[in-house]
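The structure file structure-v7.txt is reproduced below (compact mmCIF, C-alpha atoms).
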# COMPACT_ATOMS: atom_id res chain seq x y z
CA MET A 99 -15.38 -37.71 -19.99
CA GLN A 100 -13.80 -34.35 -20.87
CA GLU A 101 -14.69 -31.62 -18.37
CA ARG A 102 -16.00 -28.26 -19.58
CA LEU A 103 -16.05 -24.87 -17.88
CA VAL A 104 -19.57 -24.30 -19.19
CA ASP A 105 -20.81 -27.16 -17.01
CA ARG A 106 -19.62 -25.38 -13.88
CA HIS A 107 -21.98 -23.10 -11.95
CA PRO A 108 -19.98 -21.78 -8.97
CA GLU A 109 -21.53 -20.00 -6.01
CA VAL A 110 -19.44 -17.64 -3.88
CA PRO A 111 -21.13 -16.44 -0.65
CA ALA A 112 -20.76 -12.68 -0.26
CA ASP A 113 -19.27 -13.01 3.23
CA LEU A 114 -16.34 -14.97 1.80
CA LEU A 115 -15.41 -12.32 -0.75
CA VAL A 116 -13.39 -10.25 1.74
CA ALA A 117 -11.59 -13.31 3.13
CA GLN A 118 -10.55 -14.28 -0.40
CA MET A 119 -8.96 -10.91 -1.11
CA VAL A 120 -5.32 -12.02 -1.01
CA PRO A 121 -2.52 -11.94 -3.61
CA PRO A 122 -2.58 -14.58 -6.39
CA PRO A 123 -0.68 -17.81 -5.57
CA MET A 124 2.26 -16.80 -7.78
CA PHE A 125 2.91 -13.93 -5.34
CA ASP A 126 2.61 -15.95 -2.13
CA GLU A 127 6.35 -15.91 -1.42
CA VAL A 128 7.47 -12.58 -2.87
CA SER A 129 9.20 -9.93 -0.81
CA PHE A 130 11.06 -6.67 -1.26
CA ALA A 131 14.31 -8.66 -1.14
CA SER A 132 13.21 -10.97 -3.95
CA TYR A 133 12.52 -8.08 -6.34
CA ILE A 134 15.61 -7.77 -8.54
CA PRO A 135 15.81 -4.23 -9.95
CA ASP A 136 17.05 -3.78 -13.50
CA PRO A 137 20.37 -1.90 -13.22
CA ASN A 138 19.44 -0.03 -16.40
CA GLU A 139 16.22 1.23 -14.80
CA PRO A 140 17.12 3.23 -11.65
CA SER A 141 13.43 3.95 -10.96
CA GLN A 142 12.96 0.28 -10.02
CA ALA A 143 15.41 0.34 -7.09
CA ALA A 144 13.89 3.65 -5.98
CA ALA A 145 10.40 2.12 -6.13
CA VAL A 146 11.46 -0.83 -3.96
CA ALA A 147 12.84 1.55 -1.33
CA LYS A 148 9.70 3.69 -1.43
CA ALA A 149 7.40 0.64 -1.18
CA GLU A 150 9.34 -0.77 1.78
CA GLN A 151 9.20 2.60 3.52
CA PHE A 152 5.46 2.78 2.89
CA ALA A 153 4.95 -0.70 4.39
CA GLY A 154 6.59 0.47 7.61
CA GLN A 155 4.36 3.54 7.61
CA VAL A 156 1.25 1.34 7.25
CA GLY A 157 2.00 -0.50 10.49
CA LYS A 158 2.53 2.72 12.45
CA ILE A 159 -0.67 4.29 11.14
CA HIS A 160 -2.70 1.15 11.86
CA LYS A 161 -1.39 1.00 15.42
CA ALA A 162 -2.22 4.68 15.98
CA ALA A 163 -5.68 4.32 14.41
CA SER A 164 -6.46 1.29 16.61
CA LYS A 165 -5.79 3.16 19.84
CA LYS A 166 -8.74 4.62 21.70
CA SER A 167 -8.97 7.95 23.42
CA LEU A 168 -9.94 8.48 27.04
CA PHE A 169 -13.58 8.55 25.89
CA GLY A 170 -13.37 5.10 24.30
CA LYS A 171 -13.38 6.30 20.71
CA LYS A 172 -10.75 5.52 18.11
CA LYS A 173 -8.41 8.36 17.30
CA ALA A 174 -8.94 10.10 13.97
CA VAL A 175 -5.94 9.04 11.89
CA SER A 176 -5.84 9.21 8.12
CA GLY A 177 -4.30 6.44 6.06
CA ALA A 178 -1.37 6.90 3.74
CA GLY A 179 -1.51 6.37 -0.03
CA LEU A 180 1.01 5.05 -2.55
CA TYR A 181 0.56 4.75 -6.32
CA LEU A 182 2.91 2.54 -8.34
CA ASP A 183 2.73 3.63 -11.98
CA GLY A 184 4.45 1.83 -14.83
CA GLY A 185 4.04 -0.35 -17.92
CA PHE A 186 3.07 -4.00 -18.11
CA GLY A 187 5.28 -6.53 -16.36
CA VAL A 188 7.77 -4.27 -14.57
CA GLY A 189 7.11 -5.81 -11.15
CA LYS A 190 4.42 -3.51 -9.77
CA THR A 191 2.28 -6.41 -8.53
CA HIS A 192 5.38 -7.96 -6.94
CA LEU A 193 5.87 -4.77 -4.92
CA LEU A 194 2.16 -4.54 -4.13
CA ALA A 195 2.13 -8.10 -2.78
CA SER A 196 5.30 -7.38 -0.80
CA ILE A 197 3.56 -4.46 0.90
CA PHE A 198 0.60 -6.73 1.65
CA HIS A 199 2.83 -9.42 3.19
CA SER A 200 4.69 -6.83 5.28
CA SER A 201 1.55 -5.17 6.68
CA PRO A 202 -0.32 -6.23 9.82
CA ALA A 203 -3.65 -8.04 9.57
CA PRO A 204 -6.44 -7.49 8.76
CA LYS A 205 -5.58 -6.47 5.20
CA SER A 206 -6.99 -6.97 1.70
CA PHE A 207 -5.59 -7.39 -1.80
CA GLY A 208 -7.60 -7.33 -5.02
CA THR A 209 -7.81 -5.99 -8.53
CA PHE A 210 -9.81 -2.85 -9.22
CA GLY A 211 -12.54 -5.03 -10.70
CA GLU A 212 -12.62 -7.25 -7.63
CA VAL A 213 -12.99 -4.20 -5.38
CA THR A 214 -15.94 -2.90 -7.38
CA ASN A 215 -17.44 -6.41 -7.44
CA LEU A 216 -17.07 -6.59 -3.66
CA VAL A 217 -18.96 -3.34 -3.20
CA GLY A 218 -21.64 -4.60 -5.56
CA ALA A 219 -21.99 -7.87 -3.66
CA LEU A 220 -21.92 -6.45 -0.12
CA GLY A 221 -23.41 -3.01 -0.61
CA PHE A 222 -21.41 0.17 -0.08
CA ASN A 223 -21.90 0.65 3.68
CA ASN A 224 -21.27 -3.03 4.45
CA ALA A 225 -18.10 -3.00 2.34
CA VAL A 226 -16.82 0.10 4.15
CA GLU A 227 -17.47 -1.46 7.55
CA ARG A 228 -15.72 -4.72 6.61
CA LEU A 229 -12.68 -2.99 5.11
CA SER A 230 -12.36 -0.18 7.67
CA ALA A 231 -10.58 -2.49 10.13
CA ASN A 232 -7.80 -3.06 7.60
CA SER A 233 -4.29 -1.73 7.94
CA VAL A 234 -4.08 -1.55 4.15
CA LEU A 235 -6.12 -2.09 0.99
CA CYS A 236 -3.95 -3.14 -1.97
CA ILE A 237 -5.55 -2.53 -5.38
CA ASP A 238 -3.94 -4.01 -8.49
CA GLU A 239 -4.53 -2.70 -12.02
CA PHE A 240 -6.27 0.49 -10.93
CA GLU A 241 -7.97 1.45 -14.18
CA LEU A 242 -10.95 3.76 -14.30
CA ASP A 243 -12.98 3.32 -17.47
CA ASP A 244 -16.45 4.08 -16.22
CA PRO A 245 -17.70 7.28 -14.49
CA GLY A 246 -19.93 5.28 -12.14
CA ASP A 247 -17.06 3.07 -10.99
CA THR A 248 -14.87 6.13 -10.61
CA MET A 249 -17.27 7.86 -8.24
CA LEU A 250 -17.93 4.64 -6.33
CA VAL A 251 -14.26 3.88 -5.73
CA SER A 252 -13.42 7.51 -5.01
CA ARG A 253 -16.06 7.55 -2.29
CA LEU A 254 -14.91 4.18 -0.94
CA LEU A 255 -11.25 5.18 -0.72
CA THR A 256 -12.09 8.55 0.80
CA GLU A 257 -14.13 6.82 3.53
CA LEU A 258 -11.46 4.21 4.21
CA SER A 259 -8.58 6.68 4.25
CA ALA A 260 -10.46 8.84 6.77
CA ARG A 261 -10.76 5.76 9.01
CA GLY A 262 -7.02 5.11 9.00
CA VAL A 263 -6.82 2.54 6.19
CA SER A 264 -3.74 3.01 4.03
CA ILE A 265 -4.19 2.43 0.31
CA VAL A 266 -1.65 1.29 -2.26
CA ALA A 267 -2.47 0.82 -5.92
CA THR A 268 -0.80 -0.12 -9.18
CA SER A 269 -1.77 1.05 -12.63
CA ASN A 270 -0.41 2.09 -15.98
CA THR A 271 -1.62 5.68 -15.70
CA LEU A 272 -0.77 8.34 -13.14
CA PRO A 273 -3.67 9.32 -10.81
CA GLY A 274 -4.12 12.77 -12.34
CA GLN A 275 -4.35 11.23 -15.84
CA LEU A 276 -6.89 8.50 -15.11
CA GLY A 277 -9.80 8.75 -17.49
CA GLU A 278 -7.92 11.13 -19.77
CA GLY A 279 -9.28 11.06 -23.31
CA ARG A 280 -12.34 9.04 -22.36
CA PHE A 281 -15.01 11.06 -20.57
CA ALA A 282 -15.23 14.82 -20.28
CA ALA A 283 -18.05 14.94 -17.74
CA SER A 284 -17.25 17.49 -15.03
CA ASP A 285 -18.32 15.09 -12.28
CA PHE A 286 -15.93 12.44 -13.60
CA LEU A 287 -13.00 14.84 -13.79
CA ARG A 288 -13.72 16.13 -10.29
CA GLU A 289 -13.64 12.59 -8.92
CA ILE A 290 -10.37 11.86 -10.73
CA LYS A 291 -8.77 14.89 -9.10
CA LYS A 292 -10.03 13.77 -5.71
CA LEU A 293 -8.52 10.32 -6.20
CA GLY A 294 -5.20 11.77 -7.28
CA SER A 295 -4.86 13.68 -4.02
CA ILE A 296 -4.95 10.42 -2.03
CA PHE A 297 -1.81 8.94 -3.57
CA ASP A 298 1.92 9.62 -3.56
CA PRO A 299 2.83 8.53 -7.12
CA VAL A 300 5.99 6.51 -7.78
CA ARG A 301 7.12 5.64 -11.31
CA VAL A 302 8.42 2.14 -12.15
CA ASP A 303 10.03 2.03 -15.61
CA GLY A 304 11.19 -0.93 -17.68
CA PRO A 305 10.20 -3.27 -20.55
CA ASP A 306 7.46 -5.88 -20.16
CA TYR A 307 9.29 -8.92 -18.75
CA ARG A 308 6.71 -11.24 -20.31
CA HIS A 309 7.92 -10.06 -23.74
CA ARG A 310 11.64 -10.23 -23.07
CA ASP A 311 13.37 -12.81 -25.27
CA LEU A 312 10.06 -14.55 -25.98
CA PRO A 313 8.90 -15.71 -29.41
CA PRO A 314 5.83 -14.22 -31.14
CA ALA A 315 2.36 -15.51 -30.27
CA PRO A 316 2.22 -19.30 -30.81
CA GLU A 317 0.33 -20.51 -33.85
CA PRO A 318 -3.13 -21.80 -32.85
CA THR A 319 -3.52 -25.57 -32.57
CA SER A 320 -5.83 -27.45 -34.94
CA ASN A 321 -9.19 -28.53 -33.49
CA GLU A 322 -8.22 -32.19 -33.84
CA LEU A 323 -4.94 -31.78 -31.97
CA LEU A 324 -6.63 -29.54 -29.38
CA VAL A 325 -9.16 -32.28 -28.53
CA GLU A 326 -6.41 -34.88 -28.38
CA ARG A 327 -4.20 -32.83 -26.09
CA ALA A 328 -7.10 -31.93 -23.79
CA ALA A 329 -8.02 -35.61 -23.50
CA THR A 330 -4.48 -36.53 -22.45
CA THR A 331 -4.01 -33.63 -19.99
CA PRO A 332 -5.23 -34.48 -16.47
CA GLY A 333 -7.45 -31.83 -14.89
CA SER A 334 -8.03 -29.99 -18.17
CA THR A 335 -11.17 -28.36 -19.56
CA LEU A 336 -12.19 -28.06 -23.20
CA ASP A 337 -14.72 -25.47 -24.36
CA GLU A 338 -15.93 -23.98 -27.62
CA PHE A 339 -15.23 -20.23 -27.55
CA ASP A 340 -18.72 -18.91 -28.30
CA VAL A 341 -20.37 -21.34 -25.89
CA LEU A 342 -17.91 -20.31 -23.17
CA LEU A 343 -18.58 -16.62 -23.83
CA LYS A 344 -22.31 -17.21 -23.48
CA HIS A 345 -21.74 -19.04 -20.17
CA LEU A 346 -19.58 -16.19 -18.85
CA SER A 347 -22.44 -13.78 -19.55
CA THR A 348 -24.57 -15.69 -17.01
CA LEU A 349 -22.00 -15.38 -14.20
CA HIS A 350 -21.08 -12.41 -12.04
CA PRO A 351 -17.38 -11.59 -12.60
CA SER A 352 -16.72 -12.27 -8.91
CA LYS A 353 -17.36 -15.96 -9.70
CA PHE A 354 -14.78 -16.30 -12.49
CA GLY A 355 -12.08 -17.33 -10.03
CA ALA A 356 -14.28 -20.09 -8.63
CA LEU A 357 -15.16 -21.13 -12.19
CA ILE A 358 -11.55 -22.14 -12.92
CA HIS A 359 -10.68 -23.36 -9.42
CA GLY A 360 -8.81 -26.66 -9.53
CA VAL A 361 -8.38 -26.63 -13.31
CA ALA A 362 -4.91 -27.67 -14.49
CA SER A 363 -5.10 -26.44 -18.08
CA VAL A 364 -7.65 -24.67 -20.27
CA PHE A 365 -8.27 -25.58 -23.91
CA ILE A 366 -10.55 -23.39 -26.06
CA SER A 367 -11.57 -24.18 -29.63
CA ASP A 368 -12.57 -21.84 -32.46
CA VAL A 369 -11.33 -18.62 -30.87
CA HIS A 370 -12.19 -15.60 -33.01
CA THR A 371 -11.81 -11.83 -32.80
CA VAL A 372 -14.24 -10.26 -30.33
CA THR A 373 -16.00 -7.09 -31.44
CA ASP A 374 -18.57 -6.61 -28.66
CA GLN A 375 -17.32 -4.51 -25.75
CA ALA A 376 -19.31 -6.27 -23.01
CA VAL A 377 -18.04 -9.65 -24.21
CA ALA A 378 -14.48 -8.36 -24.48
CA LEU A 379 -14.50 -7.08 -20.89
CA ARG A 380 -15.61 -10.50 -19.65
CA VAL A 381 -12.67 -12.01 -21.56
CA VAL A 382 -10.40 -9.55 -19.73
CA VAL A 383 -11.66 -10.71 -16.33
CA LEU A 384 -11.26 -14.37 -17.30
CA ALA A 385 -7.72 -13.70 -18.53
CA ASP A 386 -6.88 -12.02 -15.21
CA ARG A 387 -8.19 -14.96 -13.19
CA LEU A 388 -6.37 -17.51 -15.39
CA TYR A 389 -3.16 -15.53 -15.02
CA ASP A 390 -3.57 -15.22 -11.26
CA ALA A 391 -3.90 -19.00 -11.05
CA SER A 392 -1.08 -19.68 -13.56
CA ILE A 393 -3.33 -21.92 -15.67
CA PRO A 394 -1.91 -22.67 -19.15
CA VAL A 395 -4.11 -21.82 -22.12
CA THR A 396 -4.14 -23.50 -25.55
CA VAL A 397 -6.46 -22.45 -28.38
CA SER A 398 -7.50 -23.16 -31.92
CA GLY A 399 -8.76 -20.43 -34.24
CA VAL A 400 -7.09 -17.00 -34.35
CA LYS A 401 -3.91 -16.12 -32.50
CA LEU A 402 -4.45 -14.79 -29.00
CA ASP A 403 -2.94 -11.43 -29.92
CA GLU A 404 -5.84 -11.06 -32.38
CA ILE A 405 -8.58 -11.78 -29.85
CA PHE A 406 -9.65 -8.10 -29.68
CA SER A 407 -10.49 -6.05 -32.77
CA LYS A 408 -8.43 -3.04 -33.81
CA GLU A 409 -11.39 -0.81 -32.91
CA MET A 410 -11.31 -2.30 -29.40
CA LEU A 411 -7.58 -1.70 -29.04
CA ASP A 412 -7.96 1.90 -30.21
CA GLY A 413 -10.78 2.61 -27.75
CA GLY A 414 -11.09 3.68 -24.13
CA TYR A 415 -10.39 0.22 -22.71
CA ARG A 416 -7.13 -0.17 -24.61
CA LYS A 417 -5.01 -0.78 -21.52
CA LYS A 418 -7.30 -3.50 -20.22
CA TYR A 419 -7.20 -5.30 -23.57
CA LEU A 420 -3.42 -5.03 -23.91
CA ARG A 421 -2.98 -6.41 -20.40
CA ALA A 422 -5.28 -9.34 -21.20
CA ILE A 423 -3.37 -10.10 -24.41
CA SER A 424 -0.05 -9.94 -22.58
CA ARG A 425 -1.29 -12.35 -19.93
CA LEU A 426 -2.93 -14.78 -22.34
CA LEU A 427 0.24 -14.89 -24.43
CA ALA A 428 2.29 -15.65 -21.32
CA LEU A 429 -0.07 -18.51 -20.45
CA SER A 430 -0.12 -19.86 -24.02
CA ARG A 431 3.67 -19.81 -24.21
CA PHE A 432 3.85 -21.67 -20.94
CA GLU A 433 1.63 -24.38 -22.38
CA ALA A 434 3.52 -24.45 -25.68
CA ALA A 435 6.83 -24.84 -23.86
CA ALA A 436 5.42 -27.62 -21.69
CA ALA A 437 4.02 -29.57 -24.65
Mind turning this structure into structure tokens?
Amino acid sequence: MQERLVDRHPEVPADLLVAQMVPPPMFDEVSFASYIPDPNEPSQAAAVAKAEQFAGQVGKIHKAASKKSLFGKKKAVSGAGLYLDGGFGVGKTHLLASIFHSSPAPKSFGTFGEVTNLVGALGFNNAVERLSANSVLCIDEFELDDPGDTMLVSRLLTELSARGVSIVATSNTLPGQLGEGRFAASDFLREIKKLGSIFDPVRVDGPDYRHRDLPPAPEPTSNELLVERAATTPGSTLDEFDVLLKHLSTLHPSKFGALIHGVASVFISDVHTVTDQAVALRVVVLADRLYDASIPVTVSGVKLDEIFSKEMLDGGYRKKYLRAISRLLALSRFEAAAA
């Protein structure tokens, strides 16, 4: 019988959330040496050197912060901060994972959404206590779209940095520009400025590697062929788009990774353009988790580059939606090439 994602109801104990904060499997073996800079983009080689230097700094700071004074208290040492800014697919996550691998344990790696989900699951004080032993906290896709999340993460990073935890983040917007053009609230802008002071920004230029020499978005498969291919693909799931969206609305985003755990390929029928922002943001999280796990995606309905409406793409969450499209296209091309 064909398996469906909507029949899965994963449970993820809160105390396992920190332990699971590691780079996606595709970045298990990366290193600074395995990053091949584009000779036409000198900022890439400079970013590798800066990231490697930062990784060495992390170890020294962690060692100093772990030492105790004559009175048995830990010395007050502030963590360092690095911010890798650049477009989609220029290798920022590769460098972020390389820093993670080069840093002493304990350490944590997660997307911005996963960090906010962790705080929501554990509570702020508990999250600070669990993460304060880290040498480094690596945050991928650092994108602030909500004033509440901004203040929460600003407070979290300020607390952790004061306790000697170094912080490295990637994003597509420089720290001082986060939130620009979205919210004008004075509190929000004040928090943005505070966050910007934590990081030493480093630019990583270059074209999106997922779009280099790749064909346009694959044409959607017919429903009949979709069902046939799902039935002949071991470990696959087949879901109707609207039913899947409804199921996602019942799950906390921290469970999306567990939802697709062990799945070899995802097939989705009757995909259509999403116009509701809450629904669209859940699609973004699912796309991130599918990409992290390198799970191929095949759909019927509209093309995956039409999954978000023009109004969505012109709005405040534009970068999230473009990232999701880029990742879904990469996964759909992988499946199309394997077919």
Exercise for the section: Would you mind listing what lies within 9 Å of Ala328 in chain A as a PyMOL selection string, with only C-alpha atoms counted and same-chain residues fewer than 6 positions away left out? Expected result: chain A and resi 100+334-336+363-365
Exercise for the section: Would you kindly return, as a VMD selection string, each protein, DNA or RNA residue with an atom no farther than 12 Å from any atom of Met124 in chain A, considering all atoms listed in the file and excluding same-chain residues fewer than 6 positions away? Expected result: chain A and resid 191 to 192 195 387 to 393
Problem - Distance query range 146-150 of chain A at most 8 Å, only C-alpha atoms, self and fewer than 6 positions along chain excluded, as a list in words - result: Phe130, Tyr133, Leu180, Leu193, Leu194, Ile197 and Val300 of chain A
Exercise for the section: Go through A:Phe354, A:Tyr415, A:Phe339, A:Tyr181 one by one, measure the shortest atom-to-atom distance of each to Val400 in chain A using only C-alpha atoms, and give the residue with the smallest value. Expected result: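 Selected residue with least distance to Val400 in chain A: A:Phe339.
For the set A:Ser424, A:Val341, A:Thr371, A:Asp303, the residue with the smallest atom-to-atom gap to Pro137 in chain A is A:Asp303, counting all atoms listed in the file.
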Practice task
Identify the residues within 12 Å of coordinate (-10.9, -14.6, 2.3) (same frame as the file), considering only C-alpha atoms, and give the answer as a list in words.
Solution key: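 With a cut-off of 12 Å, the residues come to Val110, Pro111, Ala112, Asp113, Leu114, Leu115, Val116, Ala117, Gln118, Met119, Val120, Pro121, Pro204, Lys205, Ser206, Phe207, Gly208, Leu216 and Arg228 of chain A.
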Handout entry: Distance in Å - CA of Asn138 in chain A versus CA of Gly185 in chain A
Key =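 One can read the CA of Asn138 in chain A to CA of Gly185 in chain A distance as 15.5 Å.
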Practice task
Fewer than 5 positions away in the same chain doesn't count, so skip those; otherwise give me all residues within 9 Å of range 105-108 of chain A, counting only C-alpha atoms, as a VMD selection string.
Solution key: chain A and resid 345 349 353 to 354 356 to 358
Fill in the blank from the handout: With distances taken over all atoms listed in the file, the candidate from A:Met410, A:Ile296, A:Val188, A:Val395 nearest Leu429 in chain A is A:Val395
Rows by chain and residue number, range 235-268 of chain A within 10 Å of range 219-225 of chain A, shortest pair, only C-alpha atoms, as JSON lines:
{"residue": "A:Leu250", "atom": "CA", "partner": "A:Phe222", "partner_atom": "CA", "distance": 8.4}
{"residue": "A:Val251", "atom": "CA", "partner": "A:Phe222", "partner_atom": "CA", "distance": 9.8}
{"residue": "A:Arg253", "atom": "CA", "partner": "A:Phe222", "partner_atom": "CA", "distance": 9.4}
{"residue": "A:Leu254", "atom": "CA", "partner": "A:Phe222", "partner_atom": "CA", "distance": 7.7}
{"residue": "A:Glu257", "atom": "CA", "partner": "A:Asn223", "partner_atom": "CA", "distance": 9.9}
{"residue": "A:Leu258", "atom": "CA", "partner": "A:Ala225", "partner_atom": "CA", "distance": 10.0}
Problem - Nearest to Ala203 in chain A, chosen from A:His160, A:Lys165, A:Lys401, A:Arg301, with all atoms listed in the file counted in the distances - result: A:His160
Handout entry: Non-local contacts of Glu322 in chain A (12 Å; all atoms listed in the file; under 6 positions in same chain excluded) as a list in words
Key =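 Result of the neighbour search: Ala328, Ala329, Phe365, Ile366, Ser367, Asp368, Val397, Ser398 and Gly399 of chain A.
With all atoms listed in the file as the atoms that count, the residue of A:Ala174, A:Ala131, A:Phe186, A:Gly262 with the shortest distance to Lys417 in chain A is A:Phe186.
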Given 3 Å of margin on each side, can you work out the centre and size in Å (one decimal) of an axis-aligned box holding every listed atom of range 231-245 of chain A, as lines of an AutoDock Vina configuration file?
center_x = -10.8
center_y = 1.6
center_z = -3.7
size_x = 19.8
size_y = 17.3
size_z = 33.6
Exercise for the section: Enter the distance from CA of Phe406 in chain A to CA of Val372 in chain A, in Å, rounded to one decimal. Expected result: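 We find that CA of Phe406 in chain A and CA of Val372 in chain A lie 5.1 Å from each other.
Here CA of Leu293 in chain A is placed at a distance of 19.1 Å from CA of Ser233 in chain A.
Taking all atoms listed in the file into account, His359 in chain A lies nearest to A:Gly333 out of the set A:Thr396, A:Gly333, A:Glu404, A:Asp412.
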Is it possible to add N, CA, C and O atoms to range 247-265 of chain A and hand it back as a compact mmCIF listing (two decimals), keeping the file's coordinate frame?
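After the write, rebuild_3.txt holds the following:
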# COMPACT_ATOMS: atom_id res chain seq x y z
N ASP A 247 -18.07 3.75 -11.80
CA ASP A 247 -17.06 3.07 -10.99
C ASP A 247 -16.10 4.07 -10.36
O ASP A 247 -15.65 3.91 -9.23
N THR A 248 -15.77 5.11 -11.12
CA THR A 248 -14.87 6.13 -10.61
C THR A 248 -15.42 6.78 -9.35
O THR A 248 -14.73 6.90 -8.33
N MET A 249 -16.66 7.19 -9.40
CA MET A 249 -17.27 7.86 -8.24
C MET A 249 -17.42 6.90 -7.07
O MET A 249 -17.22 7.27 -5.91
N LEU A 250 -17.76 5.65 -7.38
CA LEU A 250 -17.93 4.64 -6.33
C LEU A 250 -16.62 4.40 -5.59
O LEU A 250 -16.56 4.44 -4.35
N VAL A 251 -15.55 4.17 -6.36
CA VAL A 251 -14.26 3.88 -5.73
C VAL A 251 -13.69 5.11 -5.05
O VAL A 251 -13.07 5.03 -3.99
N SER A 252 -13.88 6.28 -5.64
CA SER A 252 -13.42 7.51 -5.01
C SER A 252 -14.05 7.67 -3.63
O SER A 252 -13.37 7.98 -2.64
N ARG A 253 -15.35 7.44 -3.57
CA ARG A 253 -16.06 7.55 -2.29
C ARG A 253 -15.58 6.49 -1.30
O ARG A 253 -15.36 6.77 -0.11
N LEU A 254 -15.38 5.27 -1.79
CA LEU A 254 -14.91 4.18 -0.94
C LEU A 254 -13.54 4.50 -0.34
O LEU A 254 -13.33 4.38 0.88
N LEU A 255 -12.60 4.92 -1.20
CA LEU A 255 -11.25 5.18 -0.72
C LEU A 255 -11.19 6.38 0.20
O LEU A 255 -10.41 6.42 1.15
N THR A 256 -12.02 7.38 -0.08
CA THR A 256 -12.09 8.55 0.80
C THR A 256 -12.56 8.14 2.19
O THR A 256 -12.00 8.57 3.21
N GLU A 257 -13.59 7.31 2.24
CA GLU A 257 -14.13 6.82 3.53
C GLU A 257 -13.08 6.00 4.28
O GLU A 257 -12.87 6.17 5.48
N LEU A 258 -12.43 5.09 3.57
CA LEU A 258 -11.46 4.21 4.21
C LEU A 258 -10.23 4.97 4.68
O LEU A 258 -9.74 4.75 5.79
N SER A 259 -9.75 5.90 3.86
CA SER A 259 -8.58 6.68 4.25
C SER A 259 -8.86 7.50 5.50
O SER A 259 -8.02 7.60 6.40
N ALA A 260 -10.07 8.05 5.59
CA ALA A 260 -10.46 8.84 6.77
C ALA A 260 -10.52 7.99 8.03
O ALA A 260 -10.39 8.51 9.14
N ARG A 261 -10.70 6.68 7.86
CA ARG A 261 -10.76 5.76 9.01
C ARG A 261 -9.42 5.11 9.32
O ARG A 261 -9.35 4.18 10.11
N GLY A 262 -8.35 5.60 8.67
CA GLY A 262 -7.02 5.11 9.00
C GLY A 262 -6.53 3.96 8.15
O GLY A 262 -5.48 3.37 8.45
N VAL A 263 -7.25 3.62 7.08
CA VAL A 263 -6.82 2.54 6.19
C VAL A 263 -5.87 3.13 5.15
O VAL A 263 -6.22 4.07 4.44
N SER A 264 -4.67 2.58 5.07
CA SER A 264 -3.74 3.01 4.03
C SER A 264 -4.08 2.31 2.73
O SER A 264 -4.60 1.19 2.73
N ILE A 265 -3.80 2.96 1.62
CA ILE A 265 -4.19 2.43 0.31
C ILE A 265 -2.98 2.47 -0.62
O ILE A 265 -2.31 3.50 -0.75
